[in-house]
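J.: model.txt (compact mmCIF, C-alpha atoms) pasted underneath:
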```
# COMPACT_ATOMS: atom_id res chain seq x y z
CA MET A 180 17.96 56.74 20.80
CA SER A 181 17.31 53.42 22.56
CA LYS A 182 13.89 53.14 20.92
CA LEU A 183 15.41 53.64 17.46
CA SER A 184 18.03 51.01 18.26
CA PHE A 185 15.36 48.51 19.32
CA ASN A 186 13.35 48.90 16.10
CA THR A 187 16.44 48.53 13.96
CA ALA A 188 17.37 45.31 15.70
CA ALA A 189 13.82 43.91 15.39
CA THR A 190 13.53 44.63 11.66
CA PRO A 191 15.11 41.97 9.41
CA THR A 192 17.90 43.27 7.24
CA PRO A 193 17.41 43.11 3.44
CA HIS A 194 20.01 40.34 3.27
CA VAL A 195 18.20 38.17 5.82
CA LEU A 196 14.82 38.82 4.20
CA ARG A 197 16.23 37.97 0.78
CA THR A 198 17.61 34.68 2.12
CA VAL A 199 14.34 33.77 3.87
CA THR A 200 12.38 34.59 0.72
CA LYS A 201 14.58 32.47 -1.53
CA VAL A 202 14.48 29.53 0.88
CA SER A 203 10.68 29.81 1.07
CA TRP A 204 10.43 30.06 -2.73
CA ALA A 205 12.59 26.97 -3.29
CA LEU A 206 10.82 24.96 -0.57
CA LEU A 207 7.33 25.87 -1.76
CA GLY A 208 8.09 25.01 -5.37
CA ALA A 209 9.87 21.76 -4.49
CA LEU A 210 7.05 20.59 -2.20
CA PHE A 211 4.45 21.21 -4.89
CA VAL A 212 6.47 19.27 -7.47
CA PHE A 213 7.11 16.44 -4.99
CA SER A 214 3.47 16.22 -3.93
CA GLY A 215 2.26 16.22 -7.53
CA LEU A 216 4.71 13.53 -8.64
CA ILE A 217 3.78 11.28 -5.72
CA LYS A 218 0.13 11.56 -6.69
CA LEU A 219 0.88 11.00 -10.39
CA ASN A 220 2.75 7.84 -9.42
CA ASP A 221 -0.58 6.40 -8.30
CA PRO A 222 -3.44 8.39 -9.87
CA VAL A 223 -5.94 5.62 -9.15
CA GLY A 224 -5.17 5.89 -5.42
CA THR A 225 -5.54 9.68 -5.65
CA ALA A 226 -8.89 9.18 -7.39
CA TYR A 227 -10.05 6.94 -4.54
CA LYS A 228 -9.36 9.79 -2.10
CA LEU A 229 -11.28 12.25 -4.26
CA GLU A 230 -14.19 9.80 -4.38
CA GLU A 231 -14.15 9.67 -0.56
CA TYR A 232 -14.36 13.45 -0.34
CA PHE A 233 -17.19 13.67 -2.89
CA GLU A 234 -19.14 10.94 -1.08
CA VAL A 235 -18.71 12.77 2.24
CA PHE A 236 -19.84 16.10 0.78
CA ALA A 237 -22.81 14.41 -0.93
CA VAL A 238 -23.97 13.08 2.46
CA ASP A 239 -23.21 16.25 4.43
CA LEU A 240 -24.80 18.52 1.81
CA PRO A 241 -27.79 16.52 0.51
CA ALA A 242 -29.12 19.49 -1.46
CA LEU A 243 -25.99 19.28 -3.63
CA ASP A 244 -25.57 15.51 -3.68
CA SER A 245 -26.10 15.22 -7.46
CA PHE A 246 -23.40 17.88 -7.98
CA PHE A 247 -20.82 16.01 -5.89
CA LEU A 248 -21.79 12.59 -7.27
CA PHE A 249 -21.28 13.97 -10.79
CA PHE A 250 -17.72 14.94 -9.90
CA LYS A 251 -17.22 11.59 -8.18
CA GLY A 252 -17.63 10.03 -11.62
CA LEU A 253 -14.84 12.30 -12.88
CA SER A 254 -12.44 11.42 -10.06
CA ARG A 255 -9.80 9.82 -12.28
CA THR A 256 -9.77 12.76 -14.67
CA LEU A 257 -9.58 15.21 -11.77
CA SER A 258 -6.79 13.11 -10.25
CA ILE A 259 -4.63 13.63 -13.36
CA VAL A 260 -5.59 17.30 -13.75
CA LEU A 261 -4.99 18.37 -10.13
CA SER A 262 -1.82 16.31 -9.69
CA SER A 263 -0.35 17.54 -12.97
CA LEU A 264 -1.25 21.10 -12.04
CA GLU A 265 0.73 20.77 -8.81
CA VAL A 266 3.82 19.75 -10.76
CA ILE A 267 3.32 22.40 -13.46
CA LEU A 268 2.80 25.24 -11.00
CA GLY A 269 5.67 24.01 -8.81
CA VAL A 270 8.07 24.03 -11.77
CA ALA A 271 6.74 27.40 -12.95
CA LEU A 272 7.39 28.84 -9.49
CA LEU A 273 10.94 27.45 -9.41
CA LEU A 274 11.60 28.94 -12.86
CA ARG A 275 9.87 32.20 -11.80
CA TRP A 276 7.81 32.04 -14.98
CA HIS A 277 5.01 34.66 -14.75
CA LEU A 278 5.65 34.65 -11.02
CA ARG A 279 2.74 36.78 -9.86
CA ILE A 280 0.11 34.85 -11.84
CA VAL A 281 1.58 31.50 -10.71
CA LEU A 282 1.50 32.62 -7.07
CA TRP A 283 -2.20 33.50 -7.31
CA LEU A 284 -2.94 30.11 -8.85
CA LEU A 285 -0.94 28.41 -6.10
CA LEU A 286 -2.93 30.33 -3.51
CA GLY A 287 -6.16 28.99 -5.00
CA MET A 288 -4.88 25.41 -4.71
CA LEU A 289 -3.56 25.97 -1.19
CA VAL A 290 -6.87 27.40 0.03
CA PHE A 291 -8.69 24.45 -1.55
CA PHE A 292 -6.37 21.87 0.04
CA THR A 293 -6.40 23.66 3.40
CA PHE A 294 -10.20 23.59 3.44
CA LEU A 295 -10.21 19.84 2.66
CA THR A 296 -7.67 18.97 5.35
CA PHE A 297 -9.40 21.17 7.95
CA TYR A 298 -12.75 19.58 7.11
CA SER A 299 -11.20 16.11 7.46
CA ALA A 300 -9.56 16.95 10.78
CA ALA A 301 -12.42 18.89 12.36
CA PHE A 302 -15.17 16.44 11.43
CA ASN A 303 -13.09 13.21 11.18
CA LYS A 304 -14.46 12.48 7.72
CA VAL A 305 -11.50 11.33 5.60
CA THR A 306 -8.78 10.13 7.94
CA ASP A 307 -6.00 10.27 5.33
CA CYS A 308 -6.04 13.13 2.83
CA GLY A 309 -3.59 11.39 0.48
CA CYS A 310 -1.49 14.57 0.29
CA PHE A 311 1.63 12.51 -0.41
CA GLY A 312 -0.16 9.40 -1.62
CA ASP A 313 0.77 6.22 0.22
CA PHE A 314 4.43 7.27 0.40
CA ILE A 315 3.94 9.41 3.51
CA LYS A 316 0.87 8.85 5.67
CA LEU A 317 -0.32 11.99 7.46
CA THR A 318 -3.01 12.35 10.09
CA PRO A 319 -5.75 14.92 9.31
CA TRP A 320 -4.38 17.52 11.76
CA THR A 321 -0.83 16.98 10.51
CA SER A 322 -2.07 17.47 6.95
CA PHE A 323 -3.82 20.68 7.98
CA ALA A 324 -0.67 21.95 9.73
CA LYS A 325 1.32 21.15 6.58
CA ASP A 326 -1.06 23.24 4.47
CA VAL A 327 -0.90 26.14 6.94
CA PHE A 328 2.90 25.96 6.75
CA LEU A 329 2.69 26.12 2.93
CA LEU A 330 0.43 29.17 3.21
CA VAL A 331 3.08 30.85 5.38
CA LEU A 332 5.72 30.06 2.76
CA TRP A 333 3.43 31.46 0.08
CA ALA A 334 2.92 34.70 2.03
CA VAL A 335 6.68 35.15 2.48
CA VAL A 336 7.24 34.72 -1.26
CA PHE A 337 4.26 36.79 -2.38
CA PHE A 338 5.07 39.84 -0.25
CA ASN A 339 8.76 39.76 -1.12
CA GLN A 340 8.66 39.17 -4.86
CA ARG A 341 11.16 42.01 -5.33
CA PHE A 342 13.89 39.53 -4.36
CA LEU A 343 12.82 37.14 -7.14
CA ARG A 344 12.69 39.49 -10.09
CA HIS A 345 15.00 37.47 -12.33
CA ALA A 346 13.00 34.89 -14.31
CA PHE A 347 14.98 31.84 -15.45
CA VAL A 348 12.77 31.41 -18.53
CA GLN A 349 10.51 33.83 -20.35
CA GLY A 350 9.00 34.53 -23.75
CA THR A 351 8.94 31.72 -26.30
CA ALA A 352 11.54 29.69 -24.41
CA GLY A 353 9.43 29.86 -21.26
CA LEU A 354 6.28 28.81 -23.09
CA MET A 355 8.07 25.87 -24.72
CA THR A 356 9.58 24.82 -21.41
CA MET A 357 6.23 24.84 -19.60
CA THR A 358 4.57 23.01 -22.51
CA ILE A 359 7.18 20.24 -22.22
CA VAL A 360 6.77 20.13 -18.42
CA SER A 361 2.99 19.89 -18.79
CA ALA A 362 3.27 17.08 -21.36
CA ILE A 363 5.67 15.12 -19.14
CA ALA A 364 3.51 15.53 -16.03
CA ILE A 365 0.30 14.50 -17.78
CA GLY A 366 2.13 11.66 -19.55
CA ILE A 367 3.46 10.28 -16.26
CA GLY A 368 -0.05 10.24 -14.82
CA MET A 369 -1.71 8.73 -17.89
CA ARG A 370 0.91 5.97 -18.10
CA ALA A 371 0.32 5.06 -14.44
CA LEU A 372 -3.46 5.26 -14.90
CA GLY A 373 -3.37 2.68 -17.70
CA HIS A 374 -0.94 0.35 -15.97
CA LEU A 375 0.26 -0.02 -12.36
CA PRO A 376 2.05 2.59 -10.21
CA TYR A 377 5.76 3.05 -10.98
CA PHE A 378 6.52 2.63 -7.26
CA ASP A 379 4.29 0.60 -4.97
CA PHE A 380 4.15 1.87 -1.37
CA LEU A 381 1.30 -0.38 -0.26
CA PRO A 382 1.62 -3.45 2.01
CA TYR A 383 0.90 -5.78 -0.91
CA LYS A 384 3.84 -4.72 -3.10
CA VAL A 385 5.94 -7.29 -4.92
CA GLY A 386 8.31 -9.06 -2.53
CA ASN A 387 6.15 -8.64 0.58
CA ASP A 388 5.08 -11.66 2.61
CA ILE A 389 1.41 -11.13 3.42
CA GLY A 390 1.39 -13.76 6.18
CA LYS A 391 4.31 -12.14 8.00
CA LEU A 392 2.81 -8.66 7.69
CA MET A 393 -0.38 -9.94 9.31
CA LYS A 394 1.66 -10.57 12.46
CA PRO A 395 3.42 -7.98 14.65
CA ALA A 396 7.16 -7.62 14.06
CA GLU A 397 7.81 -7.96 17.80
CA PRO A 398 5.80 -8.38 21.02
CA ALA A 399 4.29 -5.29 22.56
CA ARG A 400 6.41 -3.61 25.24
CA TYR A 401 5.17 -1.08 27.76
CA ARG A 402 6.54 1.47 30.20
CA TYR A 403 4.71 1.76 33.51
CA THR A 404 4.39 4.96 35.50
CA MET A 405 4.08 4.28 39.24
CA THR A 406 3.98 6.41 42.38
CA ARG A 407 4.95 5.82 46.00
CA ASN A 408 4.99 8.32 48.86
CA GLY A 409 4.86 11.26 46.45
CA GLU A 410 7.63 9.84 44.25
CA THR A 411 6.93 9.10 40.56
CA LYS A 412 8.99 6.53 38.72
CA GLU A 413 8.86 4.70 35.37
CA PHE A 414 9.47 0.95 35.00
CA ASP A 415 10.11 -1.16 31.90
CA GLU A 416 8.45 -4.08 33.71
CA TYR A 417 5.54 -3.99 36.08
CA PRO A 418 7.05 -3.83 39.59
CA THR A 419 6.48 -6.72 41.93
CA ASP A 420 6.70 -4.37 44.90
CA SER A 421 3.05 -3.78 45.81
CA THR A 422 3.87 -0.47 47.54
CA TRP A 423 4.11 1.15 44.10
CA LYS A 424 0.74 2.43 42.85
CA TYR A 425 -0.14 2.25 39.17
CA GLN A 426 -0.65 5.57 37.36
CA ALA A 427 -0.29 4.98 33.60
CA MET A 428 0.95 2.57 30.93
CA THR A 429 2.61 3.73 27.69
CA ALA A 430 3.40 1.58 24.64
CA VAL A 431 7.12 1.64 23.86
CA ASN A 432 6.96 0.07 20.38
CA PRO A 433 3.47 0.80 19.01
CA GLU A 434 4.51 0.60 15.35
CA LYS A 435 6.40 -2.69 15.52
CA SER A 436 3.90 -4.35 17.84
CA ARG A 437 1.00 -3.69 15.47
CA PRO A 438 0.62 -5.76 12.27
CA VAL A 439 1.08 -3.86 9.01
CA ILE A 440 -1.87 -5.74 7.49
CA THR A 441 -4.90 -5.96 9.77
CA ASP A 442 -7.90 -6.40 7.46
CA PHE A 443 -6.87 -9.16 5.04
CA GLU A 444 -9.65 -11.75 5.23
CA ILE A 445 -10.80 -14.00 2.37
CA SER A 446 -13.94 -16.12 2.62
CA ASP A 447 -16.04 -18.39 0.44
CA VAL A 448 -19.70 -17.95 -0.46
CA ASP A 449 -20.76 -19.52 2.86
CA GLY A 450 -18.54 -17.21 4.92
CA ASN A 451 -15.87 -19.81 5.67
CA SER A 452 -12.33 -18.39 5.84
CA TYR A 453 -9.98 -19.12 2.94
CA THR A 454 -7.23 -16.76 4.09
CA GLN A 455 -4.67 -19.27 5.30
CA GLU A 456 -5.24 -21.58 2.34
CA LEU A 457 -4.65 -18.65 -0.03
CA LEU A 458 -1.25 -18.11 1.56
CA LYS A 459 -0.11 -21.65 0.76
CA GLY A 460 1.41 -22.88 -2.50
CA SER A 461 1.36 -21.20 -5.91
CA LYS A 462 -1.68 -19.03 -6.53
CA MET A 463 -2.72 -16.91 -9.49
CA VAL A 464 -5.36 -14.55 -8.13
CA LEU A 465 -7.69 -12.56 -10.33
CA ILE A 466 -8.94 -9.48 -8.44
CA VAL A 467 -12.33 -8.17 -9.58
CA GLN A 468 -12.95 -5.23 -7.29
CA ASN A 469 -16.31 -4.20 -8.67
CA THR A 470 -18.17 -5.91 -11.51
CA ASN A 471 -19.88 -2.64 -12.50
CA LYS A 472 -16.54 -1.01 -13.35
CA ALA A 473 -14.55 -4.07 -14.45
CA ASP A 474 -13.18 -3.92 -18.00
CA ARG A 475 -15.04 -6.82 -19.64
CA ASP A 476 -13.10 -6.62 -22.90
CA ARG A 477 -10.03 -8.16 -21.24
CA PHE A 478 -11.67 -11.38 -20.10
CA GLU A 479 -10.97 -13.32 -23.27
CA ALA A 480 -7.23 -13.06 -22.57
CA ILE A 481 -7.76 -13.53 -18.83
CA ASN A 482 -9.86 -16.67 -19.31
CA ALA A 483 -7.21 -18.15 -21.62
CA LEU A 484 -4.53 -17.52 -19.00
CA MET A 485 -6.66 -18.93 -16.16
CA ALA A 486 -7.29 -22.10 -18.19
CA ALA A 487 -3.59 -22.47 -19.06
CA ALA A 488 -2.56 -21.96 -15.41
CA ALA A 489 -4.93 -24.70 -14.28
CA LYS A 490 -3.10 -27.12 -16.63
CA SER A 491 0.41 -25.96 -15.68
CA ARG A 492 2.91 -28.50 -14.35
CA LYS A 493 3.88 -25.90 -11.74
CA ASP A 494 0.73 -26.77 -9.75
CA ILE A 495 -0.75 -23.27 -9.98
CA THR A 496 -4.16 -22.69 -8.42
CA ALA A 497 -6.14 -20.10 -10.39
CA LEU A 498 -8.93 -18.35 -8.49
CA THR A 499 -10.88 -15.10 -8.30
CA ILE A 500 -11.50 -12.73 -5.40
CA THR A 501 -14.18 -10.05 -5.52
CA SER A 502 -16.03 -7.63 -3.25
CA THR A 503 -19.25 -7.91 -5.28
CA SER A 504 -22.24 -9.74 -3.77
CA PRO A 505 -22.38 -13.50 -4.50
CA ALA A 506 -25.53 -13.33 -6.64
CA LYS A 507 -24.28 -10.42 -8.70
CA PHE A 508 -20.84 -11.94 -9.20
CA ASP A 509 -22.33 -15.29 -10.21
CA SER A 510 -24.26 -13.50 -12.95
CA PHE A 511 -21.15 -11.56 -13.99
CA ARG A 512 -18.89 -14.60 -14.26
CA HIS A 513 -21.39 -16.31 -16.56
CA ASP A 514 -21.53 -13.19 -18.73
CA VAL A 515 -17.74 -13.15 -19.19
CA ASN A 516 -17.33 -16.98 -19.19
CA LEU A 517 -15.06 -16.87 -16.13
CA SER A 518 -14.51 -20.33 -14.64
CA GLY A 519 -12.79 -21.55 -11.49
CA PRO A 520 -13.39 -21.01 -7.77
CA TYR A 521 -14.14 -17.54 -6.43
CA TYR A 522 -13.98 -15.92 -3.01
CA PHE A 523 -14.86 -12.65 -1.32
CA ALA A 524 -13.02 -9.84 0.46
CA ASP A 525 -13.53 -6.23 1.52
CA ALA A 526 -13.52 -3.71 -1.35
CA THR A 527 -10.93 -1.45 0.32
CA VAL A 528 -8.55 -4.39 0.75
CA LEU A 529 -8.83 -5.32 -2.93
CA LYS A 530 -8.18 -1.72 -3.97
CA SER A 531 -4.99 -1.81 -1.90
CA ILE A 532 -3.82 -5.11 -3.32
CA VAL A 533 -3.78 -4.03 -6.98
CA ARG A 534 -4.71 -0.74 -8.69
CA SER A 535 -6.50 -2.48 -11.54
CA ASN A 536 -10.02 -3.82 -12.07
CA PRO A 537 -9.57 -6.59 -12.99
CA GLY A 538 -5.98 -7.23 -11.95
CA LEU A 539 -3.76 -10.26 -11.41
CA VAL A 540 -1.65 -11.10 -8.36
CA ILE A 541 0.80 -14.01 -8.28
CA LEU A 542 1.47 -15.51 -4.83
CA ASN A 543 3.97 -18.12 -3.71
CA ASN A 544 3.34 -19.21 -0.11
CA GLY A 545 1.88 -15.79 0.63
CA VAL A 546 4.74 -13.80 -0.94
CA VAL A 547 3.65 -11.41 -3.69
CA GLN A 548 5.68 -12.51 -6.72
CA ALA A 549 4.14 -10.25 -9.39
CA LYS A 550 1.16 -8.02 -10.13
CA TYR A 551 -0.38 -7.20 -13.52
CA HIS A 552 -2.77 -4.56 -14.80
CA TYR A 553 -5.48 -5.76 -17.18
CA HIS A 554 -3.65 -3.91 -19.97
CA ASP A 555 -0.61 -6.11 -19.31
CA ILE A 556 -2.03 -9.64 -19.06
CA PRO A 557 1.01 -11.97 -19.10
CA GLU A 558 1.64 -15.26 -20.82
CA LEU A 559 1.75 -18.42 -18.72
CA PHE A 560 5.56 -18.66 -18.97
CA GLU A 561 5.81 -15.17 -17.42
CA VAL A 562 3.66 -16.30 -14.48
CA GLU A 563 5.78 -19.41 -14.01
CA LYS A 564 8.94 -17.29 -14.18
CA ALA A 565 7.53 -14.91 -11.56
CA LEU A 566 6.76 -17.83 -9.25
CA ALA A 567 10.40 -18.92 -9.49
CA GLN A 568 11.67 -15.56 -8.17
CA THR A 569 13.18 -15.29 -4.72
CA PHE A 570 13.22 -12.16 -2.58
CA LYS A 571 15.64 -11.29 0.21
```
Let's see the structure in the file written out as structure tokens.
T.:
Amino acid sequence: MSKLSFNTAATPTPHVLRTVTKVSWALLGALFVFSGLIKLNDPVGTAYKLEEYFEVFAVDLPALDSFFLFFKGLSRTLSIVLSSLEVILGVALLLRWHLRIVLWLLLGMLVFFTFLTFYSAAFNKVTDCGCFGDFIKLTPWTSFAKDVFLLVLWAVVFFNQRFLRHAFVQGTAGLMTMTIVSAIAIGIGMRALGHLPYFDFLPYKVGNDIGKLMKPAEPARYRYTMTRNGETKEFDEYPTDSTWKYQAMTAVNPEKSRPVITDFEISDVDGNSYTQELLKGSKMVLIVQNTNKADRDRFEAINALMAAAAKSRKDITALTITSTSPAKFDSFRHDVNLSGPYYFADATVLKSIVRSNPGLVILNNGVVQAKYHYHDIPELFEVEKALAQTFK
């Protein structure tokens, strides 16, 4: 009798199991939609992450390097496809549209993502998987744990589908609904791909003061662990009593004592720093990340704007920053008739500054006043208006 009682208590009741299943279903679907939308907000950033993975696999598996390098060239297309698919499958799951088929498709994506995050964590290859874009930064092991958690949610839903029999849409209505969802998801991504992200989560977003972000928000503070006669005690300041023996030191404010921007360095062709000068006065900065991939068709409008800015009464300094080698960039600027001074910076930094190649950034004493994609080259009056903005 006692054994029967124990088993009954250990087995979840149908009501509890139904509740757990529905919570898992809602959470799994919502997380897929959220993750997909975050990536679609910045498909270029997602493509950069895919390129990192393909480059790593090309090096680690040299026999298949041409295969991975081929897909590297399709990174932007894959960015839209995979991100849209996350949203589409997430919505389909929430609507319980062809539930069993959708769950199998979700499993395929989860296994794929889990492999990538495990590979990143185990071999320290790509230190940020970009699972939630730049909105939420996750370490490789945290990303892997997140994917394992999603697999657990998937298992709960898959093996308890009997509690989710009612589909919210089906037949023609379901097909039309999913077609509309697919069009919206792909449209969101394509719009962001051809312009700038809807929401900028990077350190160089409009309103940010680059100079301030290059400095820590507050001085570093530490907690000291000391011992004396078998007693262990922590101090907020290093004790002056020499009888205490040092054991360990722990940072109390690691986030605030570390600058947000640590790699922003601009130099001229001779290697002399131009960073501090860039952060003074009114600057219109043309970012040319890579001359091989820069859209050359836009330089007629860009050159006209650069020339107009140089003559502006607002004392605007027009300049270019690139990560291309000096000799190659000198040849490129003659090809596109680009005039004015030019400087150099790390390619990763330029990709973080603006998701456009080329792209424009307007600075006023180091504060980012505006950013423009090459599809949205402004008129001079728009630049002058942006420079007049104030941010709190």
J.: Just give me the gap between atom CA of A:Gly208 and atom CA of A:Val270 in Å, one decimal is fine.
T.: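 One can read the atom CA of A:Gly208 to atom CA of A:Val270 distance as 6.5 Å.
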J.: Figure out the distance between atom CA of A:Ser245 and atom CA of A:Leu286, please, to one decimal in Å.
T.: 27.9 Å
J.: Pick the closest to A:Glu434 from A:Arg400, A:Lys251, A:His374, A:His552: which is it, counting all atoms listed in the file?
T.: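 Smallest distance to A:Glu434 is found for A:Arg400.
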J.: How far is it from atom CA of A:Trp320 to atom CA of A:Ala300, in Å with one decimal?
T.: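 According to the coordinates, atom CA of A:Trp320 and atom CA of A:Ala300 are separated by 5.3 Å.
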J.: For A:Leu253, find every residue with an atom within 12 Å (counting only C-alpha atoms), except residues of its own chain fewer than 3 positions away, and show them as number ranges by chain.
T.: A: 223, 226-227, 229-230, 233, 246-250, 256-261
J.: List the residues sitting within 12 Å of (7.5, 32.9, -15.9) in the file's frame, using all atoms listed in the file, as number ranges by chain.
T.: A: 267-282, 343-357
J.: Go ahead and write the selection's residues with C-alpha atoms as a compact mmCIF listing (two decimals), in the frame of the given file.
T.:
```txt
# COMPACT_ATOMS: atom_id res chain seq x y z
CA ILE A 267 3.32 22.40 -13.46
CA LEU A 268 2.80 25.24 -11.00
CA GLY A 269 5.67 24.01 -8.81
CA VAL A 270 8.07 24.03 -11.77
CA ALA A 271 6.74 27.40 -12.95
CA LEU A 272 7.39 28.84 -9.49
CA LEU A 273 10.94 27.45 -9.41
CA LEU A 274 11.60 28.94 -12.86
CA ARG A 275 9.87 32.20 -11.80
CA TRP A 276 7.81 32.04 -14.98
CA HIS A 277 5.01 34.66 -14.75
CA LEU A 278 5.65 34.65 -11.02
CA ARG A 279 2.74 36.78 -9.86
CA ILE A 280 0.11 34.85 -11.84
CA VAL A 281 1.58 31.50 -10.71
CA LEU A 282 1.50 32.62 -7.07
CA LEU A 343 12.82 37.14 -7.14
CA ARG A 344 12.69 39.49 -10.09
CA HIS A 345 15.00 37.47 -12.33
CA ALA A 346 13.00 34.89 -14.31
CA PHE A 347 14.98 31.84 -15.45
CA VAL A 348 12.77 31.41 -18.53
CA GLN A 349 10.51 33.83 -20.35
CA GLY A 350 9.00 34.53 -23.75
CA THR A 351 8.94 31.72 -26.30
CA ALA A 352 11.54 29.69 -24.41
CA GLY A 353 9.43 29.86 -21.26
CA LEU A 354 6.28 28.81 -23.09
CA MET A 355 8.07 25.87 -24.72
CA THR A 356 9.58 24.82 -21.41
CA MET A 357 6.23 24.84 -19.60
```
J.: Can you pull out the residues contacting stretch 209-216 of chain A? Cut-off 7 Å, using all atoms listed in the file, and skip same-chain residues under 4 positions away; I want them as a PyMOL selection string.
T.: chain A and resi 205+220+262-263+265-266+269-270+310-311
J.: Restrict the selected residues to C-alpha atoms and save them as a short mmCIF file (atom, residue, chain, number, x, y, z; two decimals), in the coordinates of the input.
T.:
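As a result, part_35.cif now contains:
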```cif
data_model
loop_
_atom_site.label_atom_id
_atom_site.label_comp_id
_atom_site.auth_asym_id
_atom_site.auth_seq_id
_atom_site.Cartn_x
_atom_site.Cartn_y
_atom_site.Cartn_z
CA ALA A 205 12.59 26.97 -3.29
CA ASN A 220 2.75 7.84 -9.42
CA SER A 262 -1.82 16.31 -9.69
CA SER A 263 -0.35 17.54 -12.97
CA GLU A 265 0.73 20.77 -8.81
CA VAL A 266 3.82 19.75 -10.76
CA GLY A 269 5.67 24.01 -8.81
CA VAL A 270 8.07 24.03 -11.77
CA CYS A 310 -1.49 14.57 0.29
CA PHE A 311 1.63 12.51 -0.41
#
```
J.: Write out N, CA and C atoms for stretch 366-384 of chain A, as a PDB file, keeping the file's coordinate frame.
T.:
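Wrote selection_6.pdb, looks like this:
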```pdb
ATOM      1  N   GLY A 366       1.720  12.967 -19.026  1.00  0.00           N
ATOM      2  CA  GLY A 366       2.130  11.660 -19.550  1.00  0.00           C
ATOM      3  C   GLY A 366       2.448  10.677 -18.439  1.00  0.00           C
ATOM      4  N   ILE A 367       3.132  11.146 -17.406  1.00  0.00           N
ATOM      5  CA  ILE A 367       3.460  10.280 -16.260  1.00  0.00           C
ATOM      6  C   ILE A 367       2.166   9.746 -15.628  1.00  0.00           C
ATOM      7  N   GLY A 368       1.203  10.642 -15.434  1.00  0.00           N
ATOM      8  CA  GLY A 368      -0.050  10.240 -14.820  1.00  0.00           C
ATOM      9  C   GLY A 368      -0.860   9.297 -15.693  1.00  0.00           C
ATOM     10  N   MET A 369      -0.938   9.577 -16.984  1.00  0.00           N
ATOM     11  CA  MET A 369      -1.710   8.730 -17.890  1.00  0.00           C
ATOM     12  C   MET A 369      -1.101   7.341 -18.012  1.00  0.00           C
ATOM     13  N   ARG A 370       0.235   7.281 -18.028  1.00  0.00           N
ATOM     14  CA  ARG A 370       0.910   5.970 -18.100  1.00  0.00           C
ATOM     15  C   ARG A 370       0.599   5.148 -16.848  1.00  0.00           C
ATOM     16  N   ALA A 371       0.621   5.770 -15.678  1.00  0.00           N
ATOM     17  CA  ALA A 371       0.320   5.060 -14.440  1.00  0.00           C
ATOM     18  C   ALA A 371      -1.156   4.699 -14.347  1.00  0.00           C
ATOM     19  N   LEU A 372      -2.015   5.520 -14.932  1.00  0.00           N
ATOM     20  CA  LEU A 372      -3.460   5.260 -14.900  1.00  0.00           C
ATOM     21  C   LEU A 372      -3.809   4.015 -15.715  1.00  0.00           C
ATOM     22  N   GLY A 373      -3.086   3.813 -16.823  1.00  0.00           N
ATOM     23  CA  GLY A 373      -3.370   2.680 -17.700  1.00  0.00           C
ATOM     24  C   GLY A 373      -2.579   1.442 -17.378  1.00  0.00           C
ATOM     25  N   HIS A 374      -1.720   1.516 -16.372  1.00  0.00           N
ATOM     26  CA  HIS A 374      -0.940   0.350 -15.970  1.00  0.00           C
ATOM     27  C   HIS A 374      -0.915   0.322 -14.426  1.00  0.00           C
ATOM     28  N   LEU A 375       0.168  -0.046 -13.816  1.00  0.00           N
ATOM     29  CA  LEU A 375       0.260  -0.020 -12.360  1.00  0.00           C
ATOM     30  C   LEU A 375       1.195   1.116 -11.946  1.00  0.00           C
ATOM     31  N   PRO A 376       1.144   1.536 -10.673  1.00  0.00           N
ATOM     32  CA  PRO A 376       2.050   2.590 -10.210  1.00  0.00           C
ATOM     33  C   PRO A 376       3.511   2.244 -10.484  1.00  0.00           C
ATOM     34  N   TYR A 377       4.322   3.267 -10.754  1.00  0.00           N
ATOM     35  CA  TYR A 377       5.760   3.050 -10.980  1.00  0.00           C
ATOM     36  C   TYR A 377       6.401   2.502  -9.703  1.00  0.00           C
ATOM     37  N   PHE A 378       6.002   3.060  -8.568  1.00  0.00           N
ATOM     38  CA  PHE A 378       6.520   2.630  -7.260  1.00  0.00           C
ATOM     39  C   PHE A 378       5.334   2.279  -6.379  1.00  0.00           C
ATOM     40  N   ASP A 379       5.390   1.094  -5.802  1.00  0.00           N
ATOM     41  CA  ASP A 379       4.290   0.600  -4.970  1.00  0.00           C
ATOM     42  C   ASP A 379       4.654   0.794  -3.499  1.00  0.00           C
ATOM     43  N   PHE A 380       3.883   1.610  -2.785  1.00  0.00           N
ATOM     44  CA  PHE A 380       4.150   1.870  -1.370  1.00  0.00           C
ATOM     45  C   PHE A 380       3.150   1.168  -0.458  1.00  0.00           C
ATOM     46  N   LEU A 381       2.326   0.304  -1.035  1.00  0.00           N
ATOM     47  CA  LEU A 381       1.300  -0.380  -0.260  1.00  0.00           C
ATOM     48  C   LEU A 381       1.822  -1.678   0.342  1.00  0.00           C
ATOM     49  N   PRO A 382       1.140  -2.225   1.343  1.00  0.00           N
ATOM     50  CA  PRO A 382       1.620  -3.450   2.010  1.00  0.00           C
ATOM     51  C   PRO A 382       1.681  -4.664   1.095  1.00  0.00           C
ATOM     52  N   TYR A 383       0.968  -4.615  -0.028  1.00  0.00           N
ATOM     53  CA  TYR A 383       0.900  -5.780  -0.910  1.00  0.00           C
ATOM     54  C   TYR A 383       1.836  -5.646  -2.113  1.00  0.00           C
ATOM     55  N   LYS A 384       2.910  -4.891  -1.980  1.00  0.00           N
ATOM     56  CA  LYS A 384       3.840  -4.720  -3.100  1.00  0.00           C
ATOM     57  C   LYS A 384       4.620  -6.004  -3.350  1.00  0.00           C
TER      58      LYS A 384
END
```
